[in-house]
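Here's the structure, in structure tokens; my notes come after.
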Amino acid sequence: MENKRDKIIIRTGFIGILVNIVLVIFKSIIGLITNSIAIILDAVNNLSDVLSSVITIIGTKLSGKEPDKKHPYGHGRIEYLTSVVISVIVLLAGVASVRESVVKIIAPEETNYNAVSLVIISVAIFVKIFLGRYVKGIGKKINAQTLVAAGTDALFDAVLALGTLIAAIISIVWNVGLEGIIGAVISLFIIKAGISMLLETLNSIIGTRYDAELTNSIKERINSYDDVHGTYDLALHNYGPTKIFGTAHIEVDDTMTAKKIHNLTRRITEDIMSEFGIIMTIGIYASNTSGKYAHIKQLIEEAVAKYSSIMQMHGFYIDEEHKLITFDIITDFDCNREEIRFSLMEDLSKKIPDYTIYIVLDTDISE
């Protein structure tokens with residue numbers, strides 16, 4: 001599956017290279033003939049798109065390398081580094097374009113548009129729209145951030161080329177030169193696109209919360225097993241857009257044997273891999289909330305409910321032999337977690353003096 005994805009990215013990259021090279025040639029010729037800085041800058045932008053496609057192909061080749069001793073999780077995150085390089089290239093192209101446009105505004109030169117130049121610009125607009133929709137669509141389909149960014153950039157180029165076409169028509173009809181201004185607008189949009197791409201990639205590298213639809217689906221699937229009373233602490237980590245590792249705790253009866261737990265967790269990991277393509281590691285919470293323990297749990301739940309910052313309590317267990325009660329709480333990010341934990345432990349020690357209370361602080365990773 002991953003190899004097929006890489007082939008699709010590389011094929012799409014080559015299509016982008018071919019289309020953009022043709023656009024660079026035609027736009028450069030028309031820009032020089034008409035003395036249009038806007039068209040020349042648009043050609044430069046297409047040239048940066050060619051370079052971006054080349055880097056995308058190289059990055060995809062490198063990220064597809066098999067795991068080795070130094071990189072046991074594979075090389076998938078190289079794809080994120082590729083996106084960073086592409087973002088920087090777009091930013092540099094935008095900065096260079098701003099400089100040239102300012103020069104053109106200060107010292108404008110006469111342009112000489114003709115019917116042929118207008119036709120070529122119009123064709124370029126439609127080509128960019130088609131290329132943008134095609135590349136972005138494939139990027140979304142196979143979860144390739146570089147292709148989504150490239151497709152979005154191409155659609156953006158079509159809008160900017162439309163601005164150039166409007167400026168050309170104004171120049172022909174009213175003999176008013178807007179080349180420098182149009183060039184500056186194009187440059188600012190290029191810079192904005194570069195910054196947006198860079199921020200999106202940096203967020204992926206830093207690590208963001210996974211989509212709630214995915215995490216909820218995984219929890220629902222695990223909870224569908226008869227012996228599972230709840231799924232908690234689900235955490236997903238990626239080593240590239242398609243290689244995801246996950247961990248989760250499941251709550252089961254404390255009377256389950258090791259053999260039953262082994263068989264249950266094996267089935268879960270195999271099913272999650274088959275259905276979601278995620279390599280899961282399953283931990284266990286033992287549950288014993290029947291009889292007198294149910295009353296103790298109710299007391300604790302009532303105490304926890306008084307803290308608005310506590311979003312969930314789970315992993316409740318009473319170790320009668322050691323007179324120990326343990327459970328986990330999930331709190332808001334915008335609170336003093338240790339202070340809440342200490343305060344809750346004090347409250348519960350007064351209500352349940354016969355037991356030692358131990359609370360584990362969990363993070364709201366997957367809603």
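All residue names refer to the structure tokens as shown: chains lettered A, B, ... in order, residues numbered from 1 in each chain, ligands numbered from 1 in order.
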Would you pick out the contacts of region 298-311 of chain A at 7 Å or less, using only C-alpha atoms, so that residues sharing its chain but fewer than 4 positions from it are not included, and give the list as number ranges by chain? A: 294, 329-332, 335, 348
Contact residues around Ser48 (chain A) with only C-alpha atoms at 7 Å, ignoring same-chain residues under 4 positions, as a VMD selection string: chain A and resid 44 52 89 to 90
Residues as selected, C-alpha atoms, written as a CSV table (one decimal), in the first residue's frame, can you do that?
```csv
chain,number,residue,atom,x,y,z
A,44,VAL,CA,9.4,32.5,-11.9
A,52,SER,CA,9.2,21.9,-5.6
A,89,ILE,CA,11.5,27.9,-1.7
A,90,VAL,CA,8.1,29.5,-2.1
```
Env of region 55-68 of chain A: 9 Å cut, atoms = only C-alpha atoms, seq-sep filter 2 positions within chain, self excluded. Answer as a ChimeraX atom specification. /A:2-3,6-7,9-11,13-14,50-53,70-83,85-86,146-147,240
Those selected residues, please, written with C-alpha atoms and delivered as a short mmCIF file (atom, residue, chain, number, x, y, z; two decimals), in the first residue's frame.
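Written file, selection26.cif:
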```
data_model
loop_
_atom_site.label_atom_id
_atom_site.label_comp_id
_atom_site.auth_asym_id
_atom_site.auth_seq_id
_atom_site.Cartn_x
_atom_site.Cartn_y
_atom_site.Cartn_z
CA GLU A 2 2.78 2.43 0.98
CA ASN A 3 4.77 1.59 -2.14
CA ASP A 6 4.84 6.59 -3.26
CA LYS A 7 4.42 5.71 -6.94
CA ILE A 9 3.15 10.86 -5.55
CA ILE A 10 6.14 10.45 -7.89
CA ARG A 11 3.91 10.15 -10.98
CA GLY A 13 5.21 15.07 -9.32
CA PHE A 14 6.45 14.33 -12.84
CA VAL A 50 9.11 22.75 -10.88
CA LEU A 51 11.79 22.73 -8.20
CA SER A 52 9.17 21.88 -5.57
CA SER A 53 8.01 18.88 -7.61
CA LYS A 70 19.41 3.59 13.22
CA HIS A 71 15.86 4.31 12.05
CA PRO A 72 13.68 1.40 13.23
CA TYR A 73 10.49 3.36 12.56
CA GLY A 74 11.41 3.97 8.93
CA HIS A 75 12.11 7.24 7.12
CA GLY A 76 8.56 8.53 6.61
CA ARG A 77 9.15 11.83 8.41
CA ILE A 78 11.50 12.90 5.61
CA GLU A 79 8.28 13.82 3.80
CA TYR A 80 7.72 16.56 6.40
CA LEU A 81 11.25 17.86 5.87
CA THR A 82 10.52 17.94 2.15
CA SER A 83 7.48 20.12 2.83
CA VAL A 85 12.11 22.88 2.01
CA ILE A 86 9.28 23.51 -0.46
CA THR A 146 3.10 17.94 -0.14
CA LEU A 147 0.62 17.27 -2.96
CA GLY A 240 5.29 9.84 8.29
#
```
For Val148 (chain A), find every residue with an atom within 9 Å (counting only C-alpha atoms), except residues of its own chain fewer than 5 positions away, and show them as a list in words.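 The neighbour list is Gly132, Val135, Lys136, Gly137, Ile138, Gly139, Lys140, Asn143 and Asp153 of chain A.
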Contact residues around region 199-216 of chain A with only C-alpha atoms at 10 Å, ignoring same-chain residues under 2 positions, as a ChimeraX atom specification: /A:77,79-84,87,145-146,149,194-197,218-222,234-241,276,364-367
What parts of region 27-173 of chain A does DSSP call helix (DSSP H, G or I)? I'd like the answer as a compact mmCIF listing (two decimals) with N, CA and C atoms, in the first residue's frame.
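out16.txt, freshly written:
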```txt
# COMPACT_ATOMS: atom_id res chain seq x y z
N LYS A 27 5.39 31.53 -20.64
CA LYS A 27 5.23 32.78 -19.90
C LYS A 27 6.49 33.64 -19.98
N SER A 28 7.65 33.02 -19.97
CA SER A 28 8.90 33.78 -20.07
C SER A 28 9.00 34.48 -21.42
N ILE A 29 8.65 33.76 -22.48
CA ILE A 29 8.70 34.35 -23.83
C ILE A 29 7.74 35.53 -23.93
N ILE A 30 6.49 35.31 -23.48
CA ILE A 30 5.48 36.38 -23.55
C ILE A 30 5.86 37.53 -22.64
N GLY A 31 6.40 37.24 -21.45
CA GLY A 31 6.80 38.29 -20.53
C GLY A 31 7.90 39.17 -21.09
N LEU A 32 8.87 38.55 -21.77
CA LEU A 32 9.96 39.32 -22.37
C LEU A 32 9.49 40.12 -23.58
N ILE A 33 8.62 39.51 -24.39
CA ILE A 33 8.11 40.21 -25.58
C ILE A 33 7.27 41.42 -25.19
N THR A 34 6.41 41.24 -24.18
CA THR A 34 5.50 42.32 -23.77
C THR A 34 6.11 43.23 -22.70
N ILE A 37 6.43 42.58 -16.19
CA ILE A 37 7.04 42.04 -14.98
C ILE A 37 6.10 41.05 -14.30
N ALA A 38 4.79 41.28 -14.40
CA ALA A 38 3.83 40.39 -13.77
C ALA A 38 3.90 38.99 -14.38
N ILE A 39 3.96 38.92 -15.71
CA ILE A 39 4.04 37.63 -16.39
C ILE A 39 5.37 36.95 -16.10
N ILE A 40 6.46 37.72 -16.09
CA ILE A 40 7.79 37.15 -15.79
C ILE A 40 7.82 36.59 -14.38
N LEU A 41 7.24 37.32 -13.42
CA LEU A 41 7.22 36.84 -12.03
C LEU A 41 6.35 35.59 -11.91
N ASP A 42 5.28 35.55 -12.71
CA ASP A 42 4.43 34.36 -12.72
C ASP A 42 5.21 33.17 -13.25
N ALA A 43 6.06 33.43 -14.25
CA ALA A 43 6.90 32.36 -14.79
C ALA A 43 7.91 31.88 -13.75
N VAL A 44 8.46 32.83 -12.99
CA VAL A 44 9.40 32.48 -11.92
C VAL A 44 8.70 31.61 -10.87
N ASN A 45 7.45 31.97 -10.58
CA ASN A 45 6.68 31.18 -9.62
C ASN A 45 6.47 29.75 -10.13
N ASN A 46 6.21 29.62 -11.44
CA ASN A 46 6.08 28.28 -12.02
C ASN A 46 7.40 27.52 -11.98
N LEU A 47 8.51 28.25 -12.11
CA LEU A 47 9.82 27.61 -12.02
C LEU A 47 10.06 27.07 -10.61
N SER A 48 9.62 27.82 -9.62
CA SER A 48 9.75 27.33 -8.24
C SER A 48 8.85 26.11 -8.02
N ASP A 49 7.72 26.06 -8.74
CA ASP A 49 6.84 24.88 -8.67
C ASP A 49 7.54 23.65 -9.24
N VAL A 50 8.34 23.85 -10.30
CA VAL A 50 9.11 22.75 -10.88
C VAL A 50 10.10 22.20 -9.85
N LEU A 51 10.82 23.13 -9.21
CA LEU A 51 11.79 22.73 -8.20
C LEU A 51 11.10 22.01 -7.03
N SER A 52 9.93 22.51 -6.66
CA SER A 52 9.17 21.88 -5.57
C SER A 52 8.78 20.44 -5.93
N SER A 53 8.38 20.24 -7.18
CA SER A 53 8.01 18.88 -7.61
C SER A 53 9.21 17.95 -7.60
N VAL A 54 10.38 18.48 -8.00
CA VAL A 54 11.60 17.67 -7.98
C VAL A 54 11.93 17.26 -6.55
N ILE A 55 11.85 18.21 -5.63
CA ILE A 55 12.14 17.92 -4.22
C ILE A 55 11.13 16.94 -3.66
N THR A 56 9.86 17.08 -4.05
CA THR A 56 8.82 16.15 -3.61
C THR A 56 9.16 14.73 -4.03
N ILE A 57 9.59 14.56 -5.27
CA ILE A 57 9.95 13.23 -5.78
C ILE A 57 11.14 12.66 -5.01
N ILE A 58 12.17 13.49 -4.80
CA ILE A 58 13.36 13.03 -4.06
C ILE A 58 12.98 12.66 -2.63
N GLY A 59 12.18 13.54 -1.98
CA GLY A 59 11.75 13.28 -0.61
C GLY A 59 10.94 12.00 -0.49
N THR A 60 10.07 11.76 -1.48
CA THR A 60 9.25 10.55 -1.47
C THR A 60 10.12 9.30 -1.61
N LYS A 61 11.12 9.38 -2.49
CA LYS A 61 12.06 8.26 -2.66
C LYS A 61 12.78 7.95 -1.35
N LEU A 62 13.25 9.01 -0.67
CA LEU A 62 14.00 8.83 0.58
C LEU A 62 13.10 8.34 1.71
N SER A 63 11.88 8.89 1.79
CA SER A 63 10.97 8.51 2.87
C SER A 63 10.48 7.08 2.73
N ILE A 78 10.77 12.11 6.61
CA ILE A 78 11.50 12.90 5.61
C ILE A 78 10.51 13.69 4.75
N GLU A 79 9.30 13.14 4.59
CA GLU A 79 8.28 13.82 3.80
C GLU A 79 7.94 15.18 4.41
N TYR A 80 7.96 15.27 5.74
CA TYR A 80 7.72 16.56 6.40
C TYR A 80 8.87 17.53 6.14
N LEU A 81 10.10 17.01 6.16
CA LEU A 81 11.25 17.86 5.87
C LEU A 81 11.18 18.38 4.44
N THR A 82 10.71 17.52 3.54
CA THR A 82 10.52 17.94 2.15
C THR A 82 9.55 19.11 2.06
N SER A 83 8.47 19.04 2.83
CA SER A 83 7.48 20.12 2.83
C SER A 83 8.09 21.42 3.36
N VAL A 84 8.98 21.31 4.36
CA VAL A 84 9.64 22.50 4.89
C VAL A 84 10.49 23.16 3.81
N VAL A 85 11.25 22.34 3.08
CA VAL A 85 12.11 22.88 2.01
C VAL A 85 11.27 23.56 0.93
N ILE A 86 10.16 22.92 0.55
CA ILE A 86 9.28 23.51 -0.46
C ILE A 86 8.71 24.84 0.02
N SER A 87 8.33 24.90 1.28
CA SER A 87 7.78 26.13 1.85
C SER A 87 8.81 27.26 1.81
N VAL A 88 10.05 26.94 2.14
CA VAL A 88 11.13 27.95 2.12
C VAL A 88 11.37 28.43 0.70
N ILE A 89 11.35 27.53 -0.27
CA ILE A 89 11.53 27.91 -1.67
C ILE A 89 10.43 28.88 -2.10
N VAL A 90 9.20 28.58 -1.74
CA VAL A 90 8.07 29.46 -2.08
C VAL A 90 8.26 30.83 -1.43
N LEU A 91 8.69 30.84 -0.16
CA LEU A 91 8.91 32.11 0.54
C LEU A 91 10.00 32.94 -0.14
N LEU A 92 11.11 32.30 -0.50
CA LEU A 92 12.22 33.01 -1.16
C LEU A 92 11.78 33.57 -2.51
N ALA A 93 10.96 32.79 -3.23
CA ALA A 93 10.44 33.27 -4.52
C ALA A 93 9.56 34.49 -4.31
N GLY A 94 8.77 34.48 -3.26
CA GLY A 94 7.90 35.62 -2.96
C GLY A 94 8.69 36.87 -2.60
N VAL A 95 9.73 36.70 -1.78
CA VAL A 95 10.56 37.84 -1.38
C VAL A 95 11.26 38.45 -2.60
N ALA A 96 11.81 37.59 -3.47
CA ALA A 96 12.47 38.08 -4.69
C ALA A 96 11.49 38.81 -5.59
N SER A 97 10.26 38.30 -5.65
CA SER A 97 9.24 38.93 -6.49
C SER A 97 8.85 40.31 -5.95
N VAL A 98 8.78 40.45 -4.63
CA VAL A 98 8.47 41.74 -4.03
C VAL A 98 9.51 42.78 -4.43
N ARG A 99 10.77 42.39 -4.36
CA ARG A 99 11.85 43.33 -4.69
C ARG A 99 11.74 43.80 -6.14
N GLU A 100 11.51 42.85 -7.06
CA GLU A 100 11.40 43.21 -8.47
C GLU A 100 10.17 44.08 -8.74
N SER A 101 9.09 43.79 -8.05
CA SER A 101 7.85 44.55 -8.25
C SER A 101 7.98 45.98 -7.77
N VAL A 102 8.65 46.17 -6.63
CA VAL A 102 8.86 47.52 -6.10
C VAL A 102 9.68 48.35 -7.08
N VAL A 103 10.70 47.72 -7.67
CA VAL A 103 11.51 48.41 -8.69
C VAL A 103 10.64 48.84 -9.86
N LYS A 104 9.72 47.96 -10.26
CA LYS A 104 8.85 48.25 -11.40
C LYS A 104 7.86 49.37 -11.07
N ILE A 105 7.40 49.42 -9.80
CA ILE A 105 6.48 50.49 -9.40
C ILE A 105 7.20 51.84 -9.40
N ILE A 106 8.43 51.84 -8.89
CA ILE A 106 9.22 53.09 -8.81
C ILE A 106 9.62 53.57 -10.20
N ALA A 115 -2.84 40.18 -28.75
CA ALA A 115 -3.85 39.13 -28.65
C ALA A 115 -3.24 37.78 -28.30
N VAL A 116 -2.07 37.48 -28.87
CA VAL A 116 -1.42 36.19 -28.62
C VAL A 116 -1.06 36.05 -27.13
N SER A 117 -0.54 37.12 -26.55
CA SER A 117 -0.15 37.07 -25.14
C SER A 117 -1.37 36.86 -24.25
N LEU A 118 -2.48 37.49 -24.60
CA LEU A 118 -3.71 37.32 -23.81
C LEU A 118 -4.22 35.89 -23.89
N VAL A 119 -4.15 35.30 -25.08
CA VAL A 119 -4.60 33.92 -25.26
C VAL A 119 -3.75 32.97 -24.42
N ILE A 120 -2.43 33.17 -24.44
CA ILE A 120 -1.53 32.28 -23.68
C ILE A 120 -1.77 32.41 -22.18
N ILE A 121 -1.98 33.64 -21.72
CA ILE A 121 -2.27 33.84 -20.30
C ILE A 121 -3.57 33.12 -19.92
N SER A 122 -4.59 33.24 -20.80
CA SER A 122 -5.89 32.60 -20.53
C SER A 122 -5.75 31.07 -20.48
N VAL A 123 -4.98 30.53 -21.42
CA VAL A 123 -4.75 29.08 -21.44
C VAL A 123 -4.04 28.64 -20.17
N ALA A 124 -3.05 29.44 -19.75
CA ALA A 124 -2.28 29.12 -18.54
C ALA A 124 -3.19 29.08 -17.31
N ILE A 125 -4.18 29.96 -17.28
CA ILE A 125 -5.12 29.97 -16.15
C ILE A 125 -5.88 28.65 -16.07
N PHE A 126 -6.41 28.22 -17.22
CA PHE A 126 -7.18 26.97 -17.23
C PHE A 126 -6.29 25.76 -16.93
N VAL A 127 -5.07 25.79 -17.43
CA VAL A 127 -4.13 24.69 -17.16
C VAL A 127 -3.85 24.60 -15.67
N LYS A 128 -3.62 25.74 -15.02
CA LYS A 128 -3.33 25.76 -13.58
C LYS A 128 -4.52 25.30 -12.75
N ILE A 129 -5.72 25.67 -13.18
CA ILE A 129 -6.92 25.22 -12.46
C ILE A 129 -7.03 23.69 -12.54
N PHE A 130 -6.85 23.15 -13.74
CA PHE A 130 -6.92 21.70 -13.92
C PHE A 130 -5.82 21.00 -13.12
N LEU A 131 -4.59 21.50 -13.21
CA LEU A 131 -3.47 20.89 -12.50
C LEU A 131 -3.69 20.97 -10.99
N GLY A 132 -4.15 22.12 -10.51
CA GLY A 132 -4.37 22.31 -9.08
C GLY A 132 -5.41 21.36 -8.53
N ARG A 133 -6.54 21.24 -9.22
CA ARG A 133 -7.61 20.35 -8.76
C ARG A 133 -7.15 18.89 -8.80
N TYR A 134 -6.41 18.54 -9.84
CA TYR A 134 -5.92 17.17 -9.99
C TYR A 134 -4.94 16.80 -8.87
N VAL A 135 -3.94 17.64 -8.66
CA VAL A 135 -2.89 17.36 -7.66
C VAL A 135 -3.47 17.38 -6.25
N LYS A 136 -4.29 18.39 -5.96
CA LYS A 136 -4.88 18.50 -4.62
C LYS A 136 -5.80 17.32 -4.34
N GLY A 137 -6.57 16.90 -5.34
CA GLY A 137 -7.47 15.77 -5.16
C GLY A 137 -6.73 14.49 -4.83
N ILE A 138 -5.64 14.25 -5.54
CA ILE A 138 -4.84 13.06 -5.28
C ILE A 138 -4.19 13.15 -3.90
N GLY A 139 -3.71 14.36 -3.55
CA GLY A 139 -3.09 14.56 -2.24
C GLY A 139 -4.04 14.23 -1.10
N LYS A 140 -5.28 14.67 -1.21
CA LYS A 140 -6.27 14.36 -0.17
C LYS A 140 -6.61 12.88 -0.14
N LYS A 141 -6.67 12.28 -1.31
CA LYS A 141 -7.04 10.87 -1.40
C LYS A 141 -6.02 9.96 -0.73
N ILE A 142 -4.72 10.29 -0.87
CA ILE A 142 -3.67 9.42 -0.32
C ILE A 142 -2.98 10.05 0.88
N GLN A 145 0.62 15.47 2.20
CA GLN A 145 0.59 16.90 2.51
C GLN A 145 1.28 17.73 1.44
N THR A 146 2.37 17.19 0.87
CA THR A 146 3.10 17.94 -0.14
C THR A 146 2.25 18.15 -1.40
N LEU A 147 1.48 17.13 -1.78
CA LEU A 147 0.62 17.27 -2.96
C LEU A 147 -0.55 18.21 -2.71
N VAL A 148 -1.13 18.14 -1.52
CA VAL A 148 -2.22 19.06 -1.18
C VAL A 148 -1.73 20.50 -1.25
N ALA A 149 -0.54 20.75 -0.70
CA ALA A 149 0.04 22.10 -0.72
C ALA A 149 0.33 22.54 -2.15
N ALA A 150 0.88 21.63 -2.96
CA ALA A 150 1.20 21.96 -4.35
C ALA A 150 -0.06 22.24 -5.15
N GLY A 151 -1.10 21.45 -4.92
CA GLY A 151 -2.36 21.67 -5.63
C GLY A 151 -3.02 22.98 -5.25
N THR A 152 -2.99 23.30 -3.96
CA THR A 152 -3.55 24.57 -3.48
C THR A 152 -2.79 25.74 -4.07
N ASP A 153 -1.47 25.60 -4.12
CA ASP A 153 -0.61 26.65 -4.69
C ASP A 153 -0.92 26.85 -6.17
N ALA A 154 -1.17 25.77 -6.89
CA ALA A 154 -1.49 25.88 -8.31
C ALA A 154 -2.83 26.60 -8.53
N LEU A 155 -3.83 26.28 -7.70
CA LEU A 155 -5.11 26.98 -7.81
C LEU A 155 -4.96 28.46 -7.49
N PHE A 156 -4.09 28.74 -6.53
CA PHE A 156 -3.80 30.12 -6.17
C PHE A 156 -3.15 30.84 -7.35
N ASP A 157 -2.24 30.13 -8.04
CA ASP A 157 -1.56 30.70 -9.20
C ASP A 157 -2.57 31.08 -10.28
N ALA A 158 -3.61 30.27 -10.43
CA ALA A 158 -4.63 30.55 -11.45
C ALA A 158 -5.34 31.86 -11.15
N VAL A 159 -5.64 32.08 -9.87
CA VAL A 159 -6.29 33.34 -9.47
C VAL A 159 -5.37 34.52 -9.74
N LEU A 160 -4.10 34.35 -9.41
CA LEU A 160 -3.14 35.44 -9.62
C LEU A 160 -2.92 35.71 -11.10
N ALA A 161 -2.90 34.64 -11.91
CA ALA A 161 -2.75 34.81 -13.35
C ALA A 161 -3.96 35.55 -13.92
N LEU A 162 -5.12 35.32 -13.32
CA LEU A 162 -6.31 36.05 -13.73
C LEU A 162 -6.12 37.55 -13.48
N GLY A 163 -5.46 37.88 -12.37
CA GLY A 163 -5.16 39.28 -12.09
C GLY A 163 -4.25 39.88 -13.14
N THR A 164 -3.27 39.09 -13.58
CA THR A 164 -2.37 39.54 -14.65
C THR A 164 -3.14 39.77 -15.94
N LEU A 165 -4.08 38.89 -16.24
CA LEU A 165 -4.88 39.03 -17.46
C LEU A 165 -5.71 40.31 -17.40
N ILE A 166 -6.29 40.58 -16.25
CA ILE A 166 -7.09 41.80 -16.09
C ILE A 166 -6.22 43.04 -16.28
N ALA A 167 -4.99 42.99 -15.71
CA ALA A 167 -4.06 44.13 -15.86
C ALA A 167 -3.69 44.33 -17.32
N ALA A 168 -3.51 43.23 -18.04
CA ALA A 168 -3.16 43.31 -19.46
C ALA A 168 -4.29 43.96 -20.27
N ILE A 169 -5.53 43.54 -19.97
CA ILE A 169 -6.68 44.11 -20.68
C ILE A 169 -6.81 45.61 -20.39
N ILE A 170 -6.61 45.98 -19.11
CA ILE A 170 -6.66 47.40 -18.74
C ILE A 170 -5.59 48.19 -19.48
N SER A 171 -4.40 47.58 -19.61
CA SER A 171 -3.29 48.24 -20.31
C SER A 171 -3.61 48.48 -21.77
N ILE A 172 -4.27 47.49 -22.41
CA ILE A 172 -4.60 47.61 -23.83
C ILE A 172 -5.73 48.63 -24.04
N VAL A 173 -6.76 48.55 -23.19
CA VAL A 173 -7.96 49.39 -23.40
C VAL A 173 -7.72 50.83 -22.95
```
Residue neighbourhood Met280 (chain A), 10 Å, only C-alpha atoms, exclusion window fewer than 5 positions, as a PDB file with C-alpha atoms, in the first residue's frame:
```pdb
ATOM      1  CA  LEU A 234      -5.611   6.460  23.259  1.00  0.00           C
ATOM      2  CA  ALA A 235      -2.477   8.066  21.807  1.00  0.00           C
ATOM      3  CA  LEU A 236      -1.412   8.049  18.158  1.00  0.00           C
ATOM      4  CA  ILE A 244       1.002   5.387  12.624  1.00  0.00           C
ATOM      5  CA  PHE A 245       1.681   3.749  15.969  1.00  0.00           C
ATOM      6  CA  GLY A 246      -0.896   3.788  18.761  1.00  0.00           C
ATOM      7  CA  THR A 247      -1.286   2.908  22.419  1.00  0.00           C
ATOM      8  CA  ALA A 248      -4.439   2.506  24.495  1.00  0.00           C
ATOM      9  CA  THR A 265      -5.302  -7.988  23.047  1.00  0.00           C
ATOM     10  CA  ARG A 266      -4.013 -10.030  20.091  1.00  0.00           C
ATOM     11  CA  ILE A 268      -7.675  -6.133  19.039  1.00  0.00           C
ATOM     12  CA  THR A 269      -4.240  -5.300  17.622  1.00  0.00           C
ATOM     13  CA  GLU A 270      -4.813  -7.471  14.544  1.00  0.00           C
ATOM     14  CA  ASP A 271      -8.243  -5.954  13.857  1.00  0.00           C
ATOM     15  CA  ILE A 272      -7.074  -2.349  14.338  1.00  0.00           C
ATOM     16  CA  MET A 273      -4.163  -2.969  11.983  1.00  0.00           C
TER      17      MET A 273
END
```
Skipping near chain neighbours, those fewer than 5 positions away, what residues fall within 10 Å of region 319-323 of chain A using only C-alpha atoms, listed as a short mmCIF file (atom, residue, chain, number, x, y, z; two decimals) with N, CA and C atoms, in the first residue's frame?
```cif
data_model
loop_
_atom_site.label_atom_id
_atom_site.label_comp_id
_atom_site.auth_asym_id
_atom_site.auth_seq_id
_atom_site.Cartn_x
_atom_site.Cartn_y
_atom_site.Cartn_z
N ASN A 288 -12.70 -3.66 39.36
CA ASN A 288 -13.42 -4.40 40.41
C ASN A 288 -14.35 -3.44 41.14
N TYR A 293 -17.29 -2.04 46.73
CA TYR A 293 -16.42 -1.14 45.97
C TYR A 293 -17.23 -0.14 45.12
N ASP A 354 -9.60 4.93 55.39
CA ASP A 354 -9.04 3.58 55.52
C ASP A 354 -8.15 3.18 54.34
N TYR A 355 -8.15 3.99 53.29
CA TYR A 355 -7.38 3.65 52.09
C TYR A 355 -6.39 4.77 51.75
N THR A 356 -5.30 4.38 51.11
CA THR A 356 -4.37 5.34 50.52
C THR A 356 -4.86 5.65 49.11
N ILE A 357 -4.91 6.92 48.77
CA ILE A 357 -5.40 7.33 47.44
C ILE A 357 -4.21 7.72 46.57
#
```
